[in-house]
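Novice: Dropping the structure in here first, questions after.
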Amino acid sequence: MINSEQHVTKKESKTNMNKSHNLLLYFQKRGYYVCQRIADRLGIRAKIVRTSFMYLTFVTLGFGFALYVFLAFWMRIKDIVYTKRSSVFDL
């Protein structure tokens, strides 16, 4: 017999699954862009860069993730600086 507290309806389960799927899509759209830019710069596939970051994170107990966050922050600042100066006269 299932208690009413333990019973989860299909609608609640589907709502929770949609939330987790939306969160996954958010990170895939915005998080992988760092790997894509590094891969484009190096001329290799983005999948290789993503896999390298995952292995680096597991092997060094979090250093890969810290490096990833630092690169994301640095690339964002670089984009802001370069988009503000669109011509030579803006210097």
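Following the order of the structure tokens, first chain is A, next is B, and so on, with residues numbered from 1 inside each chain and ligands from 1 in the order they appear.
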Within 12 Å of range 50-60 of chain A, counting only C-alpha atoms, which residues show up once you throw out same-chain ones fewer than 6 positions away? Write them as a VMD selection string, please.

Specialist: chain A and resid 28 31 to 39 44 66 to 69 71

Novice: Grab the residues selected above and save them as a PDB file, in the first residue's frame with C-alpha atoms.

Specialist:
```pdb
ATOM      1  CA  GLN A  28      24.019  23.125 -23.020  1.00  0.00           C
ATOM      2  CA  GLY A  31      27.923  26.352 -21.027  1.00  0.00           C
ATOM      3  CA  TYR A  32      29.225  24.619 -24.094  1.00  0.00           C
ATOM      4  CA  TYR A  33      29.869  27.864 -25.914  1.00  0.00           C
ATOM      5  CA  VAL A  34      33.211  28.161 -24.092  1.00  0.00           C
ATOM      6  CA  CYS A  35      34.300  24.780 -25.415  1.00  0.00           C
ATOM      7  CA  GLN A  36      33.094  25.662 -28.901  1.00  0.00           C
ATOM      8  CA  ARG A  37      35.129  28.863 -28.996  1.00  0.00           C
ATOM      9  CA  ILE A  38      38.257  27.111 -27.720  1.00  0.00           C
ATOM     10  CA  ALA A  39      37.775  24.348 -30.302  1.00  0.00           C
ATOM     11  CA  ILE A  44      39.630  20.818 -33.334  1.00  0.00           C
ATOM     12  CA  ALA A  66      37.563  26.103 -12.085  1.00  0.00           C
ATOM     13  CA  LEU A  67      39.523  26.574 -15.313  1.00  0.00           C
ATOM     14  CA  TYR A  68      36.305  26.351 -17.327  1.00  0.00           C
ATOM     15  CA  VAL A  69      34.585  29.008 -15.206  1.00  0.00           C
ATOM     16  CA  LEU A  71      37.745  30.943 -19.234  1.00  0.00           C
TER      17      LEU A  71
END
```

Novice: What does the structure give for the distance between CA of Arg30 in chain A and CA of Ala72 in chain A, in Å to one decimal?

Specialist: 9.7 Å

Novice: Could you work out how far CA of Leu61 in chain A lies from CA of Arg41 in chain A, giving the answer in Å with one decimal?

Specialist: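 It comes out at 26.4 Å.
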
Novice: Using Å and a single decimal, report how far CA of Thr83 in chain A sits from CA of Leu25 in chain A.

Specialist: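 Value for the CA of Leu25 in chain A-CA of Thr83 in chain A distance: 26.7 Å.
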